[in-house]
Amino acid sequence: MALDRWIGLILLGVCLAYGYAAWFTMDDNLAPFMKRNPIWPSTFPKVLSVLAIITSLIIVTGLEKSTPKDADIDYRRLLDYNVGQAILLLVLMVAYALCLRPLGFIFSTSAFLILGSVTLGERKWLVIVSTALIATFIVWYLVQEVLGIYMRPLPGFIGGWNV
Amino acid sequence: MFEGLLIGLQTALSVQNLLMVIGGCLIGTFIGMLPGLGPMSIIAIMIPVAISIGDPSAALILLAGVYYGAIFGGSTSSILLNAPGVAGTVASSFDGYPMAKKGKAGKALTIAAIASFAGGSIGALLLMIFAPALSSVALLFHSAEYFALMVVGLSAIAAFAGTGQVAKALLMTFVGLIMATVGEGALFNMPRFTMGIMDLQSGFGFITLAMAMFALPEALFLVLKPNKVEGGTDGEIKDLRISKSEAMAIAPVIGRQSLQGFFIGVLPGAGATIASFLGYAVERNIASKEEQEEFGKGSIKGLAAPETANNAACTGSFVPLLTLGIPGSGTTAILLGALIALNVTPGPRLMIDEPQIFWAVIMSMFIGNLVLLILNLPLIPYIAKVLSIPRNYLIPFILFFTLMGAYIGQNNATELLLLVGFGVCATALRFGDYPLAPLLIGFILGGMLEDNFSRSMQLYDGISFIWERPMTLGLLAIAALLVVLPSYRAQRARARSEGIADGD
């Protein structure tokens, strides 16, 4: 089975769960007076779930045959590409998300930019570090002063204010 | 209308807004040139900036500038490197790149710039004429018709956006609509489908989703498969002038393609990409025999046609956005999301309630096109050097900007995890050849669609509004036709080619 039909199957599962929630569990805690309305909070989701389940069934059963086209990237040859780099970058993004608050903006961002370049194979350390630091400070200044959004610059234990 | 023009001119000519146009065009050109980054990613990245400006006209002017700047910049990399940065400029490389290889890169860039300028300006002129007319018709619409109109828009997008795979595009639209129902709806004041998670109470963030659908997968694709840019031209860009006979040759092409491109752009689902390919095909068909030979080998007509058409189509795609509040493409959907975030609801009332926004955007289009022409043309040789920015620096920055955008929008670190999660899902969907624009458009229209549906249900005490209002019924019939016809045609085409070659 091709990838697109597997995805269709996963989406079918999601739609079934959504449909179950819309048809069977959502109306339970609806106030009685609301039930006299022609439209309930669950009405639109009910319609959607039915339509979505039908279309995903069409894809899963292969009723509409997919015409393989020469996409710019072919998942069958995925291992020929730089998958490792891509996954490392995603891990870096998750790490950034988790570190942004506790470690402060300046440290997390410059570390992210430096490690990102290194992951991609750059080895000119001086250039990497200086562009990362300059960019970090510029963005921090813009966000903080121009846009007026507060971001804790330094780690909490050094003197970043508590938010 | 004259009054509106003056208001628009006054707003657009303020120092702040002039800076917005110039800045937007430059940023758009700059990023649009980088192969692999489309206008949607750039606009998604720019949204947090635009929203924090706070002034809706300035924000829309900035984003519109980025949009046509990106299309303009995309043509530069199409011509010089044969590596289109934007799907809408792929057709420009058919003739632009051969010209550059022959050493006429300067001439090709000039023709592209003039054609873009003319297409954009004529498009803006047409927008000025048609948008008010359409919005006065749209004022007669009730919520039932709005509901039906949105259904038409969504099904048109599904029918045209997919690569002949209507079911996939439709499923993506439904997934978008389903995602829009998560959180607390305006109509019912009760949380739905939040699974008890507090962070989902306000629904998914639109910026997060836009970044995750477009910017993140594009950056990941750049990592996965480094764009092999072969040689390109040797960088010498000189002789930007074009001769009088060449100008005479492309003038009628520009005239025809501005009109055609504009009207294709107005249609939902058909945007700059379709307009440019169709423009190229039409011009090749109506050219004389000798000129037809030239197409693909460096014909100036073959370059002018897609360049005019894609810019006119960009402008045309603003018509449904500004008059009906229904986006026809992924890019205008993102613009709609930005406007809603700024408390402006585009639609027929926009021209009456906030004429300065409407007219300022149109006026800024003229200014923007002029900026692109006079600012970018002399700068092109220098900007082209930027194309060699090492991706090792570029990609971490793109990823960082997507993270920053999602964070600024919601001020919430959970949003960043959602961004990465959705980004991975979106990449998988792209591997499976699922179109992502319908998902985002569905997500953005979902709230309004449900509101209008609910309102008509309440007015008519049931679904009888569908057959009691002829216009609603007619629109819904069109929507059904739009979905059924392409899949039927594809089915028949496949039946005909059955037995010749069938993969699996």
# chains A, B, ... in the order shown; residues from 1 in each chain; ligands from 1
>>> interface_residues(of="chain B", to="chain A", cutoff="6 Å", atoms="only C-alpha atoms", output="VMD selection string")
chain B and resid 167 171 174 224 to 225 392 to 393 396 413 416 431 to 432 461 to 462
>>> write_last_selection(atoms="N, CA and C atoms", output="JSON list (two decimals), in the first residue's frame")
[["chain", "number", "residue", "atom", "x", "y", "z"],
["B", 167, "ALA", "N", -10.13, 13.90, -4.21],
["B", 167, "ALA", "CA", -10.46, 13.32, -2.90],
["B", 167, "ALA", "C", -9.45, 13.76, -1.85],
["B", 171, "LEU", "N", -10.28, 15.92, 1.40],
["B", 171, "LEU", "CA", -10.02, 15.42, 2.74],
["B", 171, "LEU", "C", -9.21, 16.45, 3.54],
["B", 174, "PHE", "N", -11.49, 19.09, 4.75],
["B", 174, "PHE", "CA", -12.27, 18.66, 5.92],
["B", 174, "PHE", "C", -11.40, 18.64, 7.17],
["B", 224, "LEU", "N", 16.65, 18.19, 3.44],
["B", 224, "LEU", "CA", 16.64, 16.82, 2.94],
["B", 224, "LEU", "C", 17.33, 16.71, 1.60],
["B", 225, "LYS", "N", 17.00, 17.65, 0.73],
["B", 225, "LYS", "CA", 17.50, 17.53, -0.63],
["B", 225, "LYS", "C", 18.09, 18.86, -1.05],
["B", 392, "ASN", "N", 23.80, 26.72, 4.99],
["B", 392, "ASN", "CA", 24.11, 26.36, 6.36],
["B", 392, "ASN", "C", 23.73, 27.46, 7.35],
["B", 393, "TYR", "N", 23.70, 28.69, 6.85],
["B", 393, "TYR", "CA", 23.29, 29.78, 7.73],
["B", 393, "TYR", "C", 21.82, 30.05, 7.57],
["B", 396, "PRO", "N", 19.00, 27.41, 9.57],
["B", 396, "PRO", "CA", 18.74, 27.64, 11.00],
["B", 396, "PRO", "C", 17.95, 28.92, 11.23],
["B", 413, "ALA", "N", 5.08, 28.44, 25.29],
["B", 413, "ALA", "CA", 6.07, 27.51, 24.76],
["B", 413, "ALA", "C", 5.44, 26.22, 24.23],
["B", 416, "LEU", "N", 5.19, 26.05, 20.56],
["B", 416, "LEU", "CA", 6.37, 25.66, 19.79],
["B", 416, "LEU", "C", 6.39, 24.16, 19.57],
["B", 431, "PHE", "N", 4.88, 14.32, 1.54],
["B", 431, "PHE", "CA", 5.44, 13.11, 0.95],
["B", 431, "PHE", "C", 4.33, 12.30, 0.28],
["B", 432, "GLY", "N", 3.17, 12.27, 0.93],
["B", 432, "GLY", "CA", 2.05, 11.51, 0.39],
["B", 432, "GLY", "C", 1.31, 12.24, -0.69],
["B", 461, "ASP", "N", -35.00, 27.62, 11.14],
["B", 461, "ASP", "CA", -35.36, 26.54, 12.03],
["B", 461, "ASP", "C", -35.12, 25.17, 11.39],
["B", 462, "GLY", "N", -33.99, 25.02, 10.80],
["B", 462, "GLY", "CA", -33.68, 23.74, 10.17],
["B", 462, "GLY", "C", -32.92, 23.97, 8.89]]
>>> select_by_dssp(residues="range 7-65 of chain A", states="alpha helix (DSSP H)", output="mmCIF file with C-alpha atoms, in the first residue's frame")
data_model
loop_
_atom_site.group_PDB
_atom_site.id
_atom_site.type_symbol
_atom_site.label_atom_id
_atom_site.label_comp_id
_atom_site.auth_asym_id
_atom_site.auth_seq_id
_atom_site.Cartn_x
_atom_site.Cartn_y
_atom_site.Cartn_z
ATOM 1 C CA ILE A 7 -1.948 8.464 5.614
ATOM 2 C CA GLY A 8 -5.559 8.167 4.500
ATOM 3 C CA LEU A 9 -6.014 5.288 6.948
ATOM 4 C CA ILE A 10 -4.562 7.313 9.819
ATOM 5 C CA LEU A 11 -6.791 10.249 8.951
ATOM 6 C CA LEU A 12 -9.756 7.871 8.789
ATOM 7 C CA GLY A 13 -8.967 6.825 12.359
ATOM 8 C CA VAL A 14 -8.774 10.456 13.457
ATOM 9 C CA CYS A 15 -12.080 11.255 11.747
ATOM 10 C CA LEU A 16 -13.750 8.213 13.327
ATOM 11 C CA ALA A 17 -12.632 9.314 16.781
ATOM 12 C CA TYR A 18 -13.824 12.840 16.024
ATOM 13 C CA GLY A 19 -17.119 11.524 14.710
ATOM 14 C CA TYR A 20 -17.596 9.335 17.767
ATOM 15 C CA THR A 43 -24.335 19.785 14.506
ATOM 16 C CA PHE A 44 -21.551 21.096 12.307
ATOM 17 C CA PRO A 45 -18.959 18.579 13.561
ATOM 18 C CA LYS A 46 -21.462 15.788 12.862
ATOM 19 C CA VAL A 47 -21.799 16.849 9.227
ATOM 20 C CA LEU A 48 -18.044 17.258 8.917
ATOM 21 C CA SER A 49 -17.242 13.889 10.404
ATOM 22 C CA VAL A 50 -19.545 12.087 7.973
ATOM 23 C CA LEU A 51 -18.098 13.889 4.950
ATOM 24 C CA ALA A 52 -14.516 13.411 6.112
ATOM 25 C CA ILE A 53 -15.031 9.693 6.778
ATOM 26 C CA ILE A 54 -16.499 9.235 3.296
ATOM 27 C CA THR A 55 -13.575 10.991 1.571
ATOM 28 C CA SER A 56 -10.942 9.169 3.591
ATOM 29 C CA LEU A 57 -12.664 5.874 2.729
ATOM 30 C CA ILE A 58 -12.430 6.846 -0.951
ATOM 31 C CA ILE A 59 -8.692 7.346 -0.554
ATOM 32 C CA VAL A 60 -8.090 4.232 1.532
#
>>> atom_distance(atom1="CA of Ala44 in chain B", atom2="CA of Thr414 in chain B")
19.0 Å
>>> closest_residue(among="A:Trp125, A:Thr25, A:Gly62, A:Ala31", to="Gln165 in chain B", atoms="only C-alpha atoms")
A:Gly62
>>> closest_residue(among="B:Ile264, B:Met404, B:Ala100, B:Ala272", to="Leu80 in chain B", atoms="only C-alpha atoms")
B:Ala100
>>> decode(residues="range 15-53 of chain A", atoms="N, CA and C atoms", output="compact mmCIF listing (two decimals), in the first residue's frame")
# COMPACT_ATOMS: atom_id res chain seq x y z
N CYS A 15 -10.72 10.81 12.03
CA CYS A 15 -12.08 11.26 11.75
C CYS A 15 -13.10 10.40 12.49
N LEU A 16 -12.82 9.08 12.61
CA LEU A 16 -13.75 8.21 13.33
C LEU A 16 -13.82 8.62 14.79
N ALA A 17 -12.65 8.89 15.38
CA ALA A 17 -12.63 9.31 16.78
C ALA A 17 -13.39 10.63 16.94
N TYR A 18 -13.15 11.54 16.00
CA TYR A 18 -13.82 12.84 16.02
C TYR A 18 -15.33 12.65 15.89
N GLY A 19 -15.70 11.79 14.94
CA GLY A 19 -17.12 11.52 14.71
C GLY A 19 -17.76 10.90 15.93
N TYR A 20 -17.05 9.97 16.57
CA TYR A 20 -17.60 9.34 17.77
C TYR A 20 -17.88 10.39 18.83
N ALA A 21 -16.89 11.29 19.01
CA ALA A 21 -17.07 12.34 20.02
C ALA A 21 -18.26 13.21 19.65
N ALA A 22 -18.40 13.56 18.37
CA ALA A 22 -19.47 14.47 17.95
C ALA A 22 -20.83 13.81 18.08
N TRP A 23 -20.93 12.53 17.70
CA TRP A 23 -22.25 11.89 17.67
C TRP A 23 -22.69 11.37 19.02
N PHE A 24 -21.74 10.86 19.82
CA PHE A 24 -22.17 10.12 21.00
C PHE A 24 -21.83 10.74 22.34
N THR A 25 -20.76 11.53 22.43
CA THR A 25 -20.41 12.01 23.77
C THR A 25 -20.67 13.50 23.97
N MET A 26 -20.69 14.27 22.87
CA MET A 26 -20.71 15.72 23.05
C MET A 26 -22.01 16.24 23.63
N ASP A 27 -23.13 15.62 23.24
CA ASP A 27 -24.43 16.18 23.60
C ASP A 27 -24.83 15.85 25.03
N ASP A 28 -24.03 15.00 25.71
CA ASP A 28 -24.44 14.54 27.02
C ASP A 28 -24.60 15.68 28.02
N ASN A 29 -23.66 16.62 28.00
CA ASN A 29 -23.78 17.69 29.00
C ASN A 29 -24.35 18.97 28.39
N LEU A 30 -25.23 18.80 27.43
CA LEU A 30 -25.87 19.96 26.82
C LEU A 30 -27.07 20.34 27.70
N ALA A 31 -27.20 21.64 27.98
CA ALA A 31 -28.32 22.07 28.82
C ALA A 31 -29.63 21.78 28.10
N PRO A 32 -30.68 21.39 28.85
CA PRO A 32 -31.95 20.99 28.23
C PRO A 32 -32.54 22.07 27.33
N PHE A 33 -32.43 23.34 27.74
CA PHE A 33 -33.05 24.38 26.91
C PHE A 33 -32.32 24.52 25.57
N MET A 34 -31.04 24.18 25.57
CA MET A 34 -30.27 24.25 24.33
C MET A 34 -30.74 23.22 23.33
N LYS A 35 -31.33 22.14 23.85
CA LYS A 35 -31.73 21.05 22.95
C LYS A 35 -32.90 21.44 22.07
N ARG A 36 -33.56 22.56 22.42
CA ARG A 36 -34.69 22.98 21.58
C ARG A 36 -34.22 23.86 20.43
N ASN A 37 -32.96 24.19 20.44
CA ASN A 37 -32.38 24.95 19.33
C ASN A 37 -32.30 24.08 18.08
N PRO A 38 -32.49 24.66 16.92
CA PRO A 38 -32.29 23.84 15.72
C PRO A 38 -30.82 23.47 15.52
N ILE A 39 -29.93 24.26 16.09
CA ILE A 39 -28.52 23.95 15.89
C ILE A 39 -27.84 23.73 17.23
N TRP A 40 -27.11 22.65 17.34
CA TRP A 40 -26.37 22.33 18.55
C TRP A 40 -24.89 22.51 18.26
N PRO A 41 -24.11 22.62 19.35
CA PRO A 41 -22.66 22.71 19.11
C PRO A 41 -22.12 21.53 18.32
N SER A 42 -22.85 20.42 18.36
CA SER A 42 -22.32 19.23 17.70
C SER A 42 -22.82 19.10 16.26
N THR A 43 -23.73 19.98 15.83
CA THR A 43 -24.33 19.79 14.51
C THR A 43 -23.30 19.84 13.39
N PHE A 44 -22.52 20.92 13.38
CA PHE A 44 -21.55 21.10 12.31
C PHE A 44 -20.48 20.00 12.34
N PRO A 45 -19.91 19.70 13.52
CA PRO A 45 -18.96 18.58 13.56
C PRO A 45 -19.55 17.27 13.06
N LYS A 46 -20.85 17.03 13.33
CA LYS A 46 -21.46 15.79 12.86
C LYS A 46 -21.40 15.71 11.35
N VAL A 47 -21.82 16.81 10.69
CA VAL A 47 -21.80 16.85 9.23
C VAL A 47 -20.37 16.63 8.73
N LEU A 48 -19.44 17.36 9.34
CA LEU A 48 -18.04 17.26 8.92
C LEU A 48 -17.52 15.85 9.04
N SER A 49 -17.83 15.21 10.18
CA SER A 49 -17.24 13.89 10.40
C SER A 49 -17.74 12.92 9.34
N VAL A 50 -19.02 13.00 8.99
CA VAL A 50 -19.55 12.09 7.97
C VAL A 50 -18.83 12.32 6.64
N LEU A 51 -18.73 13.59 6.23
CA LEU A 51 -18.10 13.89 4.95
C LEU A 51 -16.63 13.46 4.95
N ALA A 52 -15.94 13.74 6.06
CA ALA A 52 -14.52 13.41 6.11
C ALA A 52 -14.31 11.91 6.08
N ILE A 53 -15.18 11.16 6.77
CA ILE A 53 -15.03 9.69 6.78
C ILE A 53 -15.25 9.15 5.37
